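Enquirer: The structure is given below, and queries will be raised subsequently.
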Amino acid sequence: MASIMSTAGKVIKCKAAIVWEPKKPFSIVEIEVAPPKAHEVRIKVLASGVCRSDDHVLSGALKVNFPVILGHEAAGIVESVGEGVTCVRPGDKVIPLFVPQCGVCSSCKHPRGNLCKENELGFTGLLNDGTTRFTYKGNQVHNFANTGTFTEYTVVHENSVVKIDAAAPPEKVCLIGCGFSTGYGAAINSAKVEPGSTCAIFGLGGVGLSAVMGCKAAGASRIIGVDINKDKFPKAKEMGATECVNPLDFKKPINEVLFDMTDGEGVDYSFEVIGRTDTMTAALASCHNNYGTSVIVGVAPSASEITFSPALIFTGRTWKGSIFGGWKSKDSVPRLVSDFMGGKFALDPLITHTLPFDKINEGFELLRSGKSIRSVLVF
Ligand code: CND
Ligand code: ZN
């Protein structure tokens with residue numbers, strides 16, 4: 001504790017992974033992290049997962065301001081807090097929230113809302129005062145998605161962090177900061193999957209497998225995994241998929257294959273957990289033409305557009321999106337951590353690799369090559 005307190009109010013020099021421009025690897029350098037300003041919290045990051053959303057920035061598909069410190073799926077310890085912060089204290093174990101919860105905007109107050117208005121800041125890569133606490137050789141570095149956790153220390157707004165059970169293992173519960181909650185909640189909250197229903201999950205990565213877990217928890221009787229990488233099938237079945245199909249094995253479109261598999265009815269619920277416009281449309285076309293619901297979870301490239309026949313939804317289908325699994329982040333993350341600690345769901349099957357922070361580029365290579373589900377970087 002003494003060592004934690006001793007840095008309060010001072011600039012911290014630490015290691016961080018900076019991305020200078022798209023299509024370039026991370027470079028691990030020493031940065032300066034300024035003390036938190038009013039209503040901000042400085043966090044010592046303990047673990048941070050490798051999510052495809054970070055890779056979308058690396059590939060150039062998702063446009064952000066550079067240079068940037070990516071990472072949005074983490075767990076850590078509060079090092080110090082700025083003036084006026086009452087929700088957390090130094091020494092608290094916390095999860096940063098890439099979707100904040102201010103509690104007072106229209107979305108936070110709406111029973112169905114979870115996309116806090118402060119989320120918009122996430123696209124600028126800046127904190128509420130229009131700057132960040134990260135500098136490299138005197139130049140400002142952006143954060144990512146209100147968090148920026150590929151660094152030994154980060155500073156976030158108090159609405160973007162929540163205290164969790166002190167006993168929770170950071171290298172596991174970091175997944176509650178994004179992948180697990182996003183997929184699981186897409187099934188439970190956004191689709192509201194019902195017992196006995198048939199579901200199809202397009203994309204069996206960390207988020208898609210979490211959607212599989214959510215469908216199973218909701219009592220779905222058929223859970224069909226769809227992926228072009230058949231190496232993902234054994235794990236998907238272990239986690240609740242009843243069947244898996246590879247679109248590359250068929251001559252006809254995958255939505256027709258799914259209709260054939262369901263006696264011409266289509267599935268009740270489909271989920272796109274890849275981030276491609278063609279699979280978003282295919283997932284929509286795979287659900288029942290009247291009462292089917294399709295949920296977009298994948299992040300499509302910035303500025304991409306979809307053209308589709310209105311007939312696809314005219315007959316009654318529901319097409320919707322889901323950010324952070326529809327959870328109100330501050331309210332839900334501590335409860336999800338408690339549920340994990342209570343054995344309600346497992347995170348271990350999602351974590352295929354645990355690597356030291358220095359090996360961040362390897363973590364992203366594993367993701368791109370399809371060899372990992374989730375890699376967790378530990379600090
Ligand atoms: P990951 O890359 O681990 O999984 C994607 C899966 O899709 C892989 O198994 C691929 O083999 C598979 N795939 C790729 N192309 C196709 C295709 N044409 N047809 C079928 N399968 C295919 O990614 P992840 O699980 O980390 O993330 C999945 C998406 O979710 C990604 O777009 C990410 O940015 C997004 C996401 C959304 C949110 C949210 O709040 N909505 C939060 N985090 C991540
Ligand atoms: Zn994510």
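Naming works like this for the structure tokens: A, B, ... for the chains as they're shown, residue 1 at the start of each chain, ligands 1 onward in shown order.
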Determine, counting only C-alpha atoms, which protein, DNA and RNA residues have an atom within 12 Å of an atom of Phe180 (chain A); residues of the same chain fewer than 4 positions away are not included. Present the result as a PyMOL selection string.
Expert: chain A and resi 49+51+73-74+172-176+184-188+205-214+324-325+327+333+336-337+340+345-351+373-374
Enquirer: Pick out the residues no farther than 7 Å from ligand 2, counting only C-alpha atoms and all ligand atoms, and list them as a compact mmCIF listing (two decimals) with N, CA, C and O atoms, in the first residue's frame.
Expert:
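Once written, part22.txt looks like this:
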```txt
# COMPACT_ATOMS: atom_id res chain seq x y z
N CYS A 51 -8.60 -7.95 -27.88
CA CYS A 51 -9.92 -8.02 -28.52
C CYS A 51 -9.79 -7.61 -29.98
O CYS A 51 -8.94 -6.80 -30.34
N ARG A 52 -10.67 -8.13 -30.82
CA ARG A 52 -10.63 -7.79 -32.24
C ARG A 52 -10.87 -6.29 -32.47
O ARG A 52 -10.39 -5.74 -33.47
N SER A 53 -11.58 -5.64 -31.59
CA SER A 53 -11.81 -4.20 -31.78
C SER A 53 -10.48 -3.43 -31.80
O SER A 53 -10.33 -2.48 -32.57
N HIS A 72 -8.93 -2.15 -24.08
CA HIS A 72 -10.18 -1.70 -23.44
C HIS A 72 -10.82 -2.82 -22.62
O HIS A 72 -11.97 -2.70 -22.23
N GLU A 73 -10.06 -3.90 -22.39
CA GLU A 73 -10.63 -5.06 -21.68
C GLU A 73 -9.66 -5.42 -20.55
O GLU A 73 -8.78 -6.25 -20.73
N CYS A 178 -14.94 -6.52 -21.50
CA CYS A 178 -15.45 -6.45 -22.88
C CYS A 178 -15.98 -7.78 -23.36
O CYS A 178 -17.17 -8.02 -23.34
N GLY A 179 -15.10 -8.67 -23.84
CA GLY A 179 -15.51 -9.84 -24.61
C GLY A 179 -16.63 -10.66 -24.01
O GLY A 179 -17.65 -10.93 -24.68
```
Enquirer: Quick one: everything within 7 Å of region 146-155 of chain A, counting only C-alpha atoms, minus sequence neighbours fewer than 6 positions away in the same chain. Send it as a list in words.
Expert: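 In the requested form, the answer reads Cys14, Lys15, Ala16, Ala17, Val33, Pro36, Glu40, Val41, Arg42, Ile43, Lys44, Val45, Ser48, Ile69, Leu70, Gly71, His72, Ala74, Pro96, Leu97, Phe98, Leu121, Gly122, Gly125, Arg133 and Phe379 of chain A.
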Enquirer: For Asp358 (chain A), which residue among A:Ser59, A:Ser27, A:Asn114, A:Asn143 is the nearest when counting only C-alpha atoms?
Expert: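 With only C-alpha atoms as the atom set, the closest residue is A:Ser27.
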Enquirer: Looking at only C-alpha atoms, which of A:Lys63, A:Phe250, A:Lys328, A:Gly91 is the one that sits closest to Val299 (chain A)?
Expert: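 Smallest distance to Val299 (chain A) is found for A:Lys63.
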Enquirer: Within 10 Å of Lys320 (chain A), counting only C-alpha atoms, which residues show up once you throw out same-chain ones fewer than 5 positions away? Write them as a VMD selection string, please.
Expert: chain A and resid 190 to 191 271 284 293 to 297
Enquirer: Among region 124-187 of chain A, which residues does DSSP mark as strand (DSSP E) when it is run on the backbone? Keep the chain and numbering as in the structure and answer as a PyMOL selection string.
Expert: chain A and resi 134-136+139-140+142-143+153-157+161-163
Enquirer: Output N, CA and C atoms for every residue in the selection just made, as a tab-separated table (two decimals), in the first residue's frame.
Expert:
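So result.tsv came out as:
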```
chain	number	residue	atom	x	y	z
A	134	PHE	N	-1.53	10.97	-21.05
A	134	PHE	CA	-0.38	10.26	-21.62
A	134	PHE	C	0.48	11.20	-22.44
A	135	THR	N	1.79	11.22	-22.18
A	135	THR	CA	2.70	11.91	-23.11
A	135	THR	C	3.92	11.04	-23.38
A	136	TYR	N	4.42	11.19	-24.58
A	136	TYR	CA	5.66	10.52	-24.98
A	136	TYR	C	6.59	11.61	-25.50
A	139	ASN	N	4.92	14.84	-26.18
A	139	ASN	CA	3.78	14.90	-27.10
A	139	ASN	C	2.63	14.03	-26.60
A	140	GLN	N	1.42	14.58	-26.75
A	140	GLN	CA	0.24	13.86	-26.27
A	140	GLN	C	-0.02	12.57	-27.05
A	142	HIS	N	-3.09	9.60	-27.52
A	142	HIS	CA	-4.52	9.38	-27.27
A	142	HIS	C	-4.77	8.10	-26.50
A	143	ASN	N	-5.94	8.04	-25.88
A	143	ASN	CA	-6.37	6.77	-25.30
A	143	ASN	C	-7.39	6.15	-26.26
A	153	TYR	N	0.13	2.05	-16.55
A	153	TYR	CA	-0.80	2.95	-15.84
A	153	TYR	C	-1.65	3.67	-16.86
A	154	THR	N	-2.94	3.84	-16.52
A	154	THR	CA	-3.82	4.64	-17.38
A	154	THR	C	-4.63	5.57	-16.48
A	155	VAL	N	-5.20	6.62	-17.09
A	155	VAL	CA	-6.10	7.51	-16.36
A	155	VAL	C	-7.43	7.55	-17.11
A	156	VAL	N	-8.51	7.29	-16.35
A	156	VAL	CA	-9.85	7.30	-16.95
A	156	VAL	C	-10.76	8.22	-16.14
A	157	HIS	N	-11.89	8.58	-16.75
A	157	HIS	CA	-12.89	9.37	-16.01
A	157	HIS	C	-13.56	8.47	-14.98
A	161	VAL	N	-15.02	3.68	-14.76
A	161	VAL	CA	-14.32	2.68	-13.93
A	161	VAL	C	-15.26	2.26	-12.81
A	162	VAL	N	-15.15	0.98	-12.42
A	162	VAL	CA	-16.00	0.51	-11.33
A	162	VAL	C	-15.22	-0.47	-10.45
A	163	LYS	N	-15.51	-0.39	-9.15
A	163	LYS	CA	-14.87	-1.28	-8.17
A	163	LYS	C	-15.47	-2.69	-8.27
```
Enquirer: Applying 12 Å and only C-alpha atoms, which residues near Glu362 (chain A) remain after dropping the ones on its own chain fewer than 3 positions away? List them as a list of chain:residue names.
Expert: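 Close residues of Glu362 (chain A): A:Pro25, A:Phe26, A:Val50, A:His353, A:Thr354, A:Leu355, A:Pro356, A:Phe357, A:Asp358, A:Lys359, A:Glu365, A:Leu366, A:Leu367, A:Arg368, A:Ser369, A:Lys371, A:Ser372, A:Ser375, A:Val376, A:Leu377.
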Enquirer: Quick one: of A:Met239, A:Val273, A:Ile28, A:Ile201, who's nearest to ligand 1, counting only C-alpha atoms and all ligand atoms?
Expert: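 Among A:Met239, A:Val273, A:Ile28, A:Ile201, it is A:Val273 that comes nearest to ligand 1.
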Enquirer: Determine the nearest neighbour of ligand 1 from the options A:Arg112, A:Lys235, A:Lys24, A:Lys10, counting only C-alpha atoms and all ligand atoms.
Expert: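 Smallest distance to ligand 1 is found for A:Lys235.
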Enquirer: Quick one: residues within 10 Å of Phe233 (chain A), only C-alpha atoms, excluding same-chain residues fewer than 5 positions away - as a PyMOL selection string?
Expert: chain A and resi 204+225-228+238-239+241+243-246
Enquirer: Just to confirm, what's the straight-line distance from CA of Glu21 (chain A) to atom 40 (O, counted along the ligand's line) of ligand 1 in Å (one decimal)?
Expert: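 Rounded to one decimal, the two atoms are 23.2 Å apart.
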Enquirer: Run DSSP on the backbone and give me the residues of region 43-224 of chain A it puts in helix (DSSP H, G or I), as a PyMOL selection string.
Expert: chain A and resi 52-59+106-109+117-124+158-160+170-177+179-191+206-217
Enquirer: Between A:Val29, A:Phe202, A:Glu305, A:Pro170, which residue has the minimum interatomic distance to Val378 (chain A), considering only C-alpha atoms?
Expert: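 Answer, going by the shortest atom-to-atom distance: A:Pro170.
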